[in-house]
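Printed here is entry.csv (CSV, C-alpha atoms and all ligand atoms):
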```
chain,number,residue,atom,x,y,z
K,1,MET,CA,69.5,85.8,72.7
K,2,PRO,CA,71.4,84.9,69.5
K,3,ALA,CA,70.9,87.2,66.6
K,4,ILE,CA,69.8,86.4,63.0
K,5,ALA,CA,72.4,86.4,60.2
K,6,ASN,CA,73.7,89.6,58.8
K,7,ARG,CA,72.6,88.6,55.3
K,8,VAL,CA,68.9,88.7,56.3
K,9,ALA,CA,69.0,91.3,59.1
K,10,SER,CA,68.2,94.2,56.8
K,11,LEU,CA,65.4,92.4,55.0
K,12,GLY,CA,61.8,93.0,56.1
K,13,THR,CA,58.8,90.9,55.2
K,14,THR,CA,58.2,90.8,51.4
K,15,VAL,CA,55.9,93.5,50.1
K,16,PHE,CA,53.5,90.8,48.9
K,17,THR,CA,53.0,89.4,52.4
K,18,GLU,CA,52.7,92.9,53.9
K,19,ILE,CA,50.0,94.0,51.5
K,20,ASN,CA,48.2,90.6,51.8
K,21,ASP,CA,48.0,91.2,55.6
K,22,LEU,CA,46.8,94.8,55.2
K,23,ALA,CA,44.2,93.8,52.6
K,24,LEU,CA,42.8,91.1,54.8
K,25,LYS,CA,42.6,93.4,57.8
K,26,HIS,CA,40.7,96.1,55.9
K,27,ASN,CA,38.6,93.7,53.8
K,28,ALA,CA,40.1,95.2,50.6
K,29,ILE,CA,39.8,93.7,47.2
K,30,ASN,CA,43.3,92.4,46.8
K,31,LEU,CA,44.9,93.4,43.5
K,32,GLY,CA,48.3,93.2,45.1
K,33,GLN,CA,50.0,89.8,44.8
K,34,GLY,CA,49.9,88.2,41.4
K,35,ARG,CA,47.9,85.2,42.6
K,36,PRO,CA,44.9,84.1,40.6
K,37,ASP,CA,41.7,83.9,42.7
K,38,PHE,CA,40.3,81.2,40.4
K,39,ASP,CA,41.4,77.6,40.1
K,40,GLY,CA,43.6,76.0,37.5
K,41,PRO,CA,42.1,73.7,34.8
K,42,ALA,CA,40.3,70.7,36.3
K,43,ASP,CA,42.0,68.1,34.1
K,44,ILE,CA,45.5,69.4,35.1
K,45,ILE,CA,44.5,69.1,38.8
K,46,ALA,CA,43.1,65.7,38.2
K,47,ALA,CA,46.4,64.6,36.7
K,48,GLU,CA,48.1,65.6,40.0
K,49,VAL,CA,45.5,63.8,42.0
K,50,ALA,CA,46.0,60.7,39.9
K,51,ALA,CA,49.8,60.9,40.4
K,52,LEU,CA,49.4,61.3,44.2
K,53,GLN,CA,47.3,58.1,44.2
K,54,ASP,CA,49.1,55.8,41.8
K,55,GLY,CA,51.7,54.7,44.3
K,56,LYS,CA,54.6,55.8,42.2
K,57,HIS,CA,55.1,59.5,42.9
K,58,ASN,CA,55.2,60.1,46.6
K,59,GLN,CA,59.0,59.7,47.1
K,60,TYR,CA,61.8,61.9,45.8
K,61,ALA,CA,61.8,62.8,42.1
K,62,PRO,CA,65.1,62.5,40.3
K,63,GLY,CA,67.1,65.7,41.4
K,64,ALA,CA,67.0,67.2,37.9
K,65,GLY,CA,63.3,66.4,37.5
K,66,THR,CA,61.5,63.4,36.0
K,67,LEU,CA,62.6,62.5,32.5
K,68,ASN,CA,58.9,62.8,31.4
K,69,MET,CA,58.8,66.4,32.7
K,70,ARG,CA,62.2,67.3,31.2
K,71,LYS,CA,61.0,65.9,27.8
K,72,ALA,CA,57.8,67.9,28.1
K,73,ILE,CA,59.7,71.1,28.8
K,74,ALA,CA,62.0,70.5,25.8
K,75,ASP,CA,59.1,69.6,23.5
K,76,HIS,CA,57.3,72.8,24.6
K,77,ALA,CA,60.3,74.9,23.9
K,78,GLY,CA,60.7,73.2,20.5
K,79,ARG,CA,57.0,73.6,19.6
K,80,PHE,CA,56.7,77.3,20.6
K,81,TYR,CA,60.2,78.7,20.0
K,82,ASN,CA,61.9,76.2,17.7
K,83,LEU,CA,64.6,75.6,20.4
K,84,ASP,CA,66.4,72.3,20.3
K,85,LEU,CA,67.0,71.3,23.9
K,86,ASP,CA,68.5,68.1,25.3
K,87,PRO,CA,66.1,66.9,28.0
K,88,ASN,CA,69.0,64.9,29.7
K,89,THR,CA,71.5,67.7,30.0
K,90,GLY,CA,69.9,71.0,29.2
K,91,VAL,CA,66.8,71.0,31.4
K,92,ILE,CA,66.2,70.9,35.1
K,93,VAL,CA,63.0,71.1,37.2
K,94,THR,CA,63.0,73.5,40.2
K,95,ALA,CA,60.8,74.4,43.1
K,96,GLY,CA,59.2,77.3,41.2
K,97,ALA,CA,61.0,79.9,39.1
K,98,THR,CA,62.2,81.7,42.2
K,99,GLU,CA,64.3,78.7,43.1
K,100,GLY,CA,65.4,78.4,39.4
K,101,ILE,CA,66.6,82.0,39.5
K,102,PHE,CA,68.5,81.6,42.8
K,103,SER,CA,70.1,78.3,41.7
K,104,SER,CA,71.1,79.9,38.4
K,105,LEU,CA,72.8,82.7,40.2
K,106,LEU,CA,74.5,80.3,42.6
K,107,GLY,CA,75.6,78.1,39.8
K,108,LEU,CA,76.8,80.8,37.3
K,109,VAL,CA,77.9,83.9,39.2
K,110,ASN,CA,81.0,84.3,41.4
K,111,ALA,CA,81.3,86.6,44.4
K,112,GLY,CA,82.5,90.0,43.3
K,113,ASP,CA,81.0,89.7,39.8
K,114,GLU,CA,78.7,92.4,38.5
K,115,VAL,CA,75.2,91.4,37.5
K,116,ILE,CA,73.0,93.9,35.5
K,117,VAL,CA,69.5,94.2,36.9
K,118,ILE,CA,66.8,96.0,34.9
K,119,GLU,CA,64.5,98.1,37.1
K,120,PRO,CA,61.8,97.8,38.3
K,121,TYR,CA,62.9,94.2,39.1
K,122,PHE,CA,61.2,91.2,40.7
K,123,ASP,CA,61.9,91.5,44.4
K,124,SER,CA,63.9,88.3,45.0
K,125,TYR,CA,66.6,89.1,42.5
K,126,VAL,CA,68.6,91.6,44.6
K,127,PRO,CA,68.6,89.7,47.9
K,128,ASN,CA,69.7,86.6,45.9
K,129,LEU,CA,72.6,88.6,44.4
K,130,GLN,CA,73.6,90.0,47.8
K,131,TRP,CA,73.7,86.5,49.3
K,132,ILE,CA,76.2,85.3,46.7
K,133,GLY,CA,78.3,88.4,47.1
K,134,ALA,CA,77.6,89.7,43.6
K,135,MET,CA,77.2,93.4,42.8
K,136,PRO,CA,73.9,94.5,41.3
K,137,VAL,CA,74.3,97.2,38.6
K,138,TYR,CA,71.0,98.8,37.9
K,139,VAL,CA,69.5,100.0,34.6
K,140,PRO,CA,66.0,101.5,34.9
K,141,LEU,CA,63.2,101.3,32.4
K,142,ARG,CA,62.0,104.8,31.8
K,143,PRO,CA,58.3,105.7,32.1
K,144,PRO,CA,55.8,106.3,30.7
K,145,ALA,CA,56.5,103.6,28.0
K,146,TRP,CA,59.0,101.7,30.2
K,147,THR,CA,61.8,101.6,27.7
K,148,LEU,CA,65.6,101.1,28.1
K,149,ASP,CA,67.9,104.0,27.4
K,150,PRO,CA,70.5,102.3,25.1
K,151,ASP,CA,73.3,104.4,26.4
K,152,GLU,CA,72.5,103.7,30.0
K,153,LEU,CA,72.3,100.0,29.2
K,154,ARG,CA,75.7,100.0,27.4
K,155,ALA,CA,77.3,101.9,30.3
K,156,ALA,CA,76.3,99.2,32.7
K,157,PHE,CA,78.4,96.6,30.9
K,158,THR,CA,82.0,96.4,32.1
K,159,PRO,CA,84.7,93.7,32.0
K,160,ARG,CA,83.5,92.7,35.4
K,161,THR,CA,79.9,92.0,34.2
K,162,ARG,CA,79.2,88.3,34.6
K,163,ALA,CA,75.4,88.2,33.9
K,164,ILE,CA,72.3,90.2,33.1
K,165,LEU,CA,68.9,89.3,34.7
K,166,LEU,CA,66.2,89.7,32.1
K,167,ASN,CA,62.5,89.4,32.7
K,168,THR,CA,60.2,89.4,29.6
K,169,PRO,CA,57.2,89.7,29.7
K,170,GLN,CA,58.2,92.0,32.5
K,171,ASN,CA,56.7,92.1,36.0
K,172,PRO,CA,55.7,94.8,37.2
K,173,THR,CA,55.6,97.0,34.0
K,174,GLY,CA,53.7,94.7,31.7
K,175,ARG,CA,56.3,95.4,29.0
K,176,VAL,CA,57.2,92.7,26.5
K,177,PHE,CA,60.6,93.4,25.0
K,178,THR,CA,60.7,93.7,21.3
K,179,TYR,CA,63.2,92.0,19.0
K,180,ALA,CA,65.1,95.2,18.6
K,181,GLU,CA,65.4,95.7,22.4
K,182,LEU,CA,66.5,92.0,22.9
K,183,LYS,CA,69.0,92.4,20.1
K,184,LEU,CA,70.5,95.4,21.8
K,185,ILE,CA,70.9,93.3,25.0
K,186,ALA,CA,72.1,90.2,23.1
K,187,ASP,CA,74.8,92.2,21.2
K,188,LEU,CA,76.1,93.6,24.5
K,189,CYS,CA,76.1,90.1,26.1
K,190,ILE,CA,78.1,88.8,23.2
K,191,GLU,CA,80.5,91.8,23.1
K,192,PHE,CA,81.2,91.5,26.9
K,193,ASP,CA,80.9,87.7,27.1
K,194,VAL,CA,78.0,87.9,29.5
K,195,ILE,CA,75.5,85.3,30.6
K,196,CYS,CA,71.8,86.1,30.2
K,197,ILE,CA,69.5,84.7,33.0
K,198,SER,CA,66.1,85.2,31.4
K,199,ASP,CA,63.0,84.9,33.6
K,200,GLU,CA,60.1,84.2,31.2
K,201,VAL,CA,57.4,83.0,33.5
K,202,TYR,CA,54.7,85.1,31.7
K,203,GLU,CA,55.7,83.6,28.3
K,204,HIS,CA,52.1,82.7,27.5
K,205,LEU,CA,50.7,86.1,28.5
K,206,THR,CA,51.2,88.5,25.7
K,207,PHE,CA,48.3,90.4,24.2
K,208,GLY,CA,47.2,91.2,20.7
K,209,GLU,CA,49.9,90.8,18.1
K,210,THR,CA,52.8,91.1,20.7
K,211,PRO,CA,55.0,88.0,20.4
K,212,HIS,CA,57.0,86.7,23.3
K,213,ILE,CA,60.6,86.2,22.0
K,214,PRO,CA,62.9,84.1,24.2
K,215,ILE,CA,66.3,85.8,24.1
K,216,ALA,CA,67.8,82.4,23.7
K,217,THR,CA,66.5,82.4,20.1
K,218,LEU,CA,68.6,85.4,19.1
K,219,PRO,CA,71.8,84.7,17.1
K,220,GLY,CA,74.7,83.8,19.4
K,221,MET,CA,72.6,83.7,22.5
K,222,VAL,CA,71.7,80.0,22.9
K,223,GLU,CA,75.2,79.2,24.4
K,224,ARG,CA,75.0,82.1,26.9
K,225,THR,CA,71.4,82.0,28.1
K,226,VAL,CA,69.6,80.1,30.8
K,227,THR,CA,65.8,80.5,30.5
K,228,ILE,CA,63.6,80.1,33.5
K,229,SER,CA,59.9,79.5,33.4
K,230,SER,CA,57.2,77.9,35.5
K,231,LEU,CA,53.8,76.3,35.7
K,232,GLY,CA,52.2,78.8,38.0
K,233,LYS,CA,51.2,81.6,35.6
K,234,SER,CA,50.5,79.7,32.4
K,235,TYR,CA,48.2,77.2,34.1
K,236,SER,CA,46.9,79.2,37.1
K,237,VAL,CA,48.6,77.0,39.8
K,238,THR,CA,51.0,79.3,41.5
K,239,GLY,CA,50.8,77.2,44.7
K,240,TRP,CA,52.4,74.2,43.0
K,241,LYS,CA,55.8,75.9,42.9
K,242,ILE,CA,57.0,74.0,39.8
K,243,GLY,CA,59.5,75.8,37.7
K,244,TRP,CA,62.3,74.9,35.3
K,245,VAL,CA,65.6,76.1,33.9
K,246,TYR,CA,66.8,75.3,30.4
K,247,GLY,CA,69.8,76.2,28.3
K,248,HIS,CA,73.2,75.0,27.0
K,249,PRO,CA,74.3,72.0,29.0
K,250,ALA,CA,77.6,73.7,29.9
K,251,LEU,CA,75.6,76.3,31.9
K,252,VAL,CA,72.8,74.1,33.1
K,253,THR,CA,75.4,71.9,34.7
K,254,GLY,CA,76.3,74.8,37.0
K,255,VAL,CA,72.6,75.4,37.8
K,256,GLN,CA,72.1,71.7,38.6
K,257,ARG,CA,75.1,71.6,40.9
K,258,ALA,CA,73.5,74.4,42.9
K,259,HIS,CA,69.9,73.1,42.7
K,260,GLN,CA,70.9,69.7,44.1
K,261,TYR,CA,72.0,71.4,47.4
K,262,VAL,CA,69.2,74.0,47.5
K,263,THR,CA,66.1,71.8,47.2
K,264,PHE,CA,67.6,68.5,45.8
K,265,ALA,CA,64.4,67.9,43.9
K,266,ALA,CA,61.0,69.5,43.2
K,267,HIS,CA,57.6,68.1,44.2
K,268,HIS,CA,57.2,64.8,42.4
K,269,PRO,CA,53.5,64.2,41.8
K,270,ALA,CA,53.1,67.7,40.3
K,271,GLN,CA,55.7,66.9,37.6
K,272,THR,CA,53.4,64.3,36.0
K,273,ALA,CA,50.6,66.9,35.9
K,274,ALA,CA,53.1,69.6,34.7
K,275,ALA,CA,54.2,67.4,31.8
K,276,TYR,CA,50.5,66.9,30.9
K,277,ALA,CA,49.9,70.7,31.2
K,278,LEU,CA,52.8,71.5,28.9
K,279,SER,CA,51.4,69.3,26.2
K,280,GLN,CA,48.1,71.2,26.1
K,281,PRO,CA,46.9,71.9,22.6
K,282,GLY,CA,47.1,75.4,21.1
K,283,THR,CA,43.4,76.0,21.9
K,284,TYR,CA,44.3,76.0,25.6
K,285,TYR,CA,46.6,78.9,25.2
K,286,GLU,CA,44.1,80.7,22.9
K,287,ASP,CA,41.4,80.4,25.5
K,288,PHE,CA,43.8,81.4,28.2
K,289,LEU,CA,44.6,84.6,26.4
K,290,THR,CA,41.0,85.4,25.5
K,291,MET,CA,40.2,85.1,29.3
K,292,TYR,CA,43.1,87.4,30.2
K,293,THR,CA,42.4,89.9,27.4
K,294,ALA,CA,38.9,90.4,28.9
K,295,LYS,CA,40.5,90.8,32.4
K,296,ARG,CA,43.0,93.4,31.1
K,297,ASP,CA,40.1,95.3,29.5
K,298,LEU,CA,38.1,95.3,32.7
K,299,MET,CA,41.3,96.4,34.6
K,300,MET,CA,41.9,99.3,32.1
K,301,ALA,CA,38.3,100.4,32.3
K,302,ALA,CA,38.5,100.4,36.1
K,303,LEU,CA,41.7,102.5,36.0
K,304,ASN,CA,40.4,104.9,33.3
K,305,GLY,CA,37.2,105.5,35.4
K,306,SER,CA,39.3,106.4,38.5
K,307,GLY,CA,41.6,109.1,37.1
K,308,LEU,CA,44.7,106.8,37.3
K,309,LYS,CA,46.8,106.9,34.2
K,310,ALA,CA,48.1,103.7,32.6
K,311,PHE,CA,49.2,102.2,29.4
K,312,ALA,CA,47.5,98.9,28.6
K,313,PRO,CA,50.2,96.2,29.4
K,314,GLU,CA,51.6,94.3,26.4
K,315,GLY,CA,52.0,91.2,28.6
K,316,THR,CA,51.8,89.7,32.1
K,317,TYR,CA,48.8,90.2,34.4
K,318,PHE,CA,50.1,93.4,35.9
K,319,VAL,CA,49.6,97.1,35.1
K,320,MET,CA,51.4,100.1,36.4
K,321,ALA,CA,49.2,103.1,37.0
K,322,ASP,CA,50.3,106.7,37.6
K,323,PHE,CA,48.3,108.2,40.5
K,324,ARG,CA,49.6,111.8,40.5
K,325,ASP,CA,46.3,113.3,39.3
K,326,VAL,CA,44.4,111.8,42.2
K,327,PHE,CA,46.8,111.6,45.2
K,328,ASP,CA,49.6,113.7,46.7
K,329,GLY,CA,52.1,111.5,48.3
K,330,ASP,CA,54.4,108.6,47.5
K,331,ASP,CA,53.6,105.1,46.3
K,332,VAL,CA,53.8,103.5,49.8
K,333,ALA,CA,51.4,106.1,51.2
K,334,PHE,CA,49.1,105.6,48.2
K,335,ALA,CA,49.1,101.8,48.5
K,336,ARG,CA,48.2,102.2,52.2
K,337,TYR,CA,45.5,104.8,51.5
K,338,LEU,CA,44.0,102.7,48.6
K,339,THR,CA,43.9,99.6,50.7
K,340,THR,CA,42.6,101.1,53.9
K,341,GLU,CA,40.3,103.9,52.6
K,342,ILE,CA,39.3,102.9,49.1
K,343,GLY,CA,39.3,99.1,49.7
K,344,VAL,CA,41.6,98.1,46.9
K,345,ALA,CA,45.0,96.7,47.5
K,346,CYS,CA,47.9,97.3,45.2
K,347,ILE,CA,51.7,97.0,45.3
K,348,PRO,CA,54.0,100.1,45.7
K,349,PRO,CA,56.7,99.6,43.1
K,350,SER,CA,59.5,101.7,44.7
K,351,VAL,CA,60.5,98.5,46.5
K,352,PHE,CA,61.5,97.1,43.0
K,353,TYR,CA,64.3,99.8,42.7
K,354,CYS,CA,67.7,100.5,44.3
K,355,PRO,CA,67.5,103.5,46.6
K,356,GLU,CA,69.1,105.8,44.0
K,357,HIS,CA,66.3,105.0,41.4
K,358,ALA,CA,63.4,104.5,43.7
K,359,GLU,CA,62.1,108.0,42.8
K,360,ILE,CA,61.1,106.6,39.4
K,361,GLY,CA,58.6,104.3,41.0
K,362,ARG,CA,57.1,106.6,43.6
K,363,ARG,CA,54.2,107.9,41.5
K,364,PHE,CA,53.0,104.5,40.4
K,365,ALA,CA,50.9,101.6,41.8
K,366,ARG,CA,51.0,98.0,40.5
K,367,PHE,CA,47.7,96.3,40.0
K,368,ALA,CA,47.3,92.5,39.4
K,369,PHE,CA,44.3,91.5,37.2
K,370,CYS,CA,44.5,87.8,37.6
K,371,LYS,CA,41.2,88.0,39.4
K,372,GLY,CA,37.5,87.1,38.7
K,373,ASP,CA,35.7,89.4,36.4
K,374,ASP,CA,33.2,90.4,39.1
K,375,THR,CA,36.1,91.2,41.4
K,376,LEU,CA,37.7,93.5,38.8
K,377,ARG,CA,34.3,95.2,38.2
K,378,ALA,CA,33.9,95.7,42.0
K,379,ALA,CA,37.4,97.1,42.2
K,380,GLY,CA,36.4,99.5,39.4
K,381,GLU,CA,33.5,100.8,41.4
K,382,ARG,CA,35.7,101.4,44.4
K,383,LEU,CA,38.5,103.0,42.4
K,384,ALA,CA,36.0,105.4,40.9
K,385,LYS,CA,35.9,107.1,44.3
K,386,LEU,CA,39.4,108.4,43.7
K,387,LYS,CA,38.4,110.7,40.9
K,388,ARG,CA,38.7,114.3,42.0
H,401,LIG,N1,55.0,86.9,41.3
H,401,LIG,C1,54.1,87.4,42.2
H,401,LIG,C2,53.9,88.9,42.1
H,401,LIG,O1,54.7,89.6,41.5
H,401,LIG,C3,54.5,87.3,43.7
H,401,LIG,C4,55.2,86.1,44.1
H,401,LIG,C5,55.7,86.2,45.5
H,401,LIG,O2,54.9,86.6,46.4
H,401,LIG,N2,56.9,85.9,45.7
H,401,LIG,O3,52.9,89.4,42.5
```

Conversion result in structure tokens:
Amino acid sequence: MPAIANRVASLGTTVFTEINDLALKHNAINLGQGRPDFDGPADIIAAEVAALQDGKHNQYAPGAGTLNMRKAIADHAGRFYNLDLDPNTGVIVTAGATEGIFSSLLGLVNAGDEVIVIEPYFDSYVPNLQWIGAMPVYVPLRPPAWTLDPDELRAAFTPRTRAILLNTPQNPTGRVFTYAELKLIADLCIEFDVICISDEVYEHLTFGETPHIPIATLPGMVERTVTISSLGKSYSVTGWKIGWVYGHPALVTGVQRAHQYVTFAAHHPAQTAAAYALSQPGTYYEDFLTMYTAKRDLMMAALNGSGLKAFAPEGTYFVMADFRDVFDGDDVAFARYLTTEIGVACIPPSVFYCPEHAEIGRRFARFAFCKGDDTLRAAGERLAKLKR
């Protein structure tokens, strides 16, 4: 029997799939995968249905995305961040942010290059780097506040550094990097002539007064940053897998050359609906945040009533909770125990670290609160059983 390729032989199933299966089997409330359990806005879905039925959108979209969608992405970046993008040369539409990140790495990083990865990192980053033969160089965020140590960050930059992978607002910690933190990263990128690949899929999910600042808006960064975002989180349609990459045409050209041979083009009908979604008035985003602020409060109440310790996240729909006061064991054991015995599924974050740093994540569990309010309340009732 022929064997599978070496580049995937050591990879198991993703933690999200594993936890989904376990949650299903044990009838647990699933706060694992970041997947809303409610539908996206009816008018955005209606726009996709109309595109499916108008006889114009069921064949390949242009490889880089429809012009309408690329214009909508550029307009959105202009409106929210004052960025001036060229929809023809500086924007491409991808099959979700995950493909956008992979195509960016394929198009911008050479085999043997070093790429800085901030831990805990989203799980696809490192397999992607391994596939292109790049070397991940890890810099952990330090709990409890999940901040970077400036000296550790500086030490990670070398003449071999090609790129840094940034994620703000950050999954799984819920951190939103401040201007000062981004400036530190930006200054190092400029000093070492490094590209920033910035995953900003939670751009519309920051709480209270916390602003989302795209690193591309910092001085000297626009020509060395590609920014990735997507439809899934901001409009609650993660299943559509529509994402995009924008930046300086000199860099986006590389991403496009990769993208054309990874997926060629993204789902066509959804691009019409996506362009419509991106042009939602400000009230859409205000209502969206009001909804998520209430969910975050329910999640924090559930954690506080359980003896788990957590800082309220500044952004995203995730929170990292320290379980040391209620459980002796590591994060994988805790996630298993919580799912099978307490009936609430969570993600063990040590999988978002390199083996040398995995210890940092071993006392935490990641909870996703993109769930119905009643579901979050019910999870709170179950979690209360943890209290010693
Ligand atoms: N972004 C989602 C999360 O972190 C998962 C996406 C996926 O399963 N690949 O939960």

Residues at most 12 Å from Ala50 of chain K, counting all atoms listed in the file, excluding those fewer than 6 positions away in the same chain, as a ChimeraX atom specification?
-> /K:43-44,56-58,269-273,276

Write out as a ChimeraX atom specification the residues lying within 6 Å of Ser350 of chain K, counting all atoms listed in the file and excluding same-chain residues fewer than 5 positions away.
-> /K:358,361-362

Write the residues of the selection above to a file with C-alpha atoms, as a tab-separated table (two decimals), in the frame of the given file.
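Below is the file that was written, again_35.tsv:
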```
chain	number	residue	atom	x	y	z
K	358	ALA	CA	63.40	104.50	43.70
K	361	GLY	CA	58.60	104.30	41.00
K	362	ARG	CA	57.10	106.60	43.60
```

Dig up all the protein and nucleic acid residues within 12 Å of (66.1, 102.1, 24.5) in the file frame, using all atoms listed in the file, and format them as a ChimeraX atom specification.
-> /K:139-143,145-154,177-185

Smallest atom-to-atom distance to ligand LIG 401 (chain H): which of K:Glu341, K:Glu200, K:Glu359, K:Asp330, using only C-alpha atoms and all ligand atoms?
->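 The answer is K:Glu200, which sits nearest to ligand LIG 401 (chain H).
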
Could you tell me how far atom CA of Gly34 of chain K lies from atom CA of Ser103 of chain K, in Å and to one decimal?
->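 It comes out at 22.5 Å.
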
Hey, which of K:Leu383, K:Thr375, K:Leu85, K:Thr290 ends up closest to Thr339 of chain K? Count all atoms listed in the file.
->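 Using all atoms listed in the file, the shortest distance to Thr339 of chain K belongs to K:Leu383.
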
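Of the residues under consideration (K:Gly96, K:Gly133, K:Pro62, K:Pro172), K:Pro172 shows the shortest atom-to-atom contact distance to ligand LIG 401 (chain H) when counting only C-alpha atoms and all ligand atoms.
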
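The residue that comes closest to Val15 of chain K, out of K:Leu289, K:Ala258, K:Leu106, K:Asp123 and on the basis of only C-alpha atoms, is K:Asp123.
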
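For the pair atom CA of Arg382 of chain K and atom CA of Val332 of chain K, the separation is 19.0 Å.
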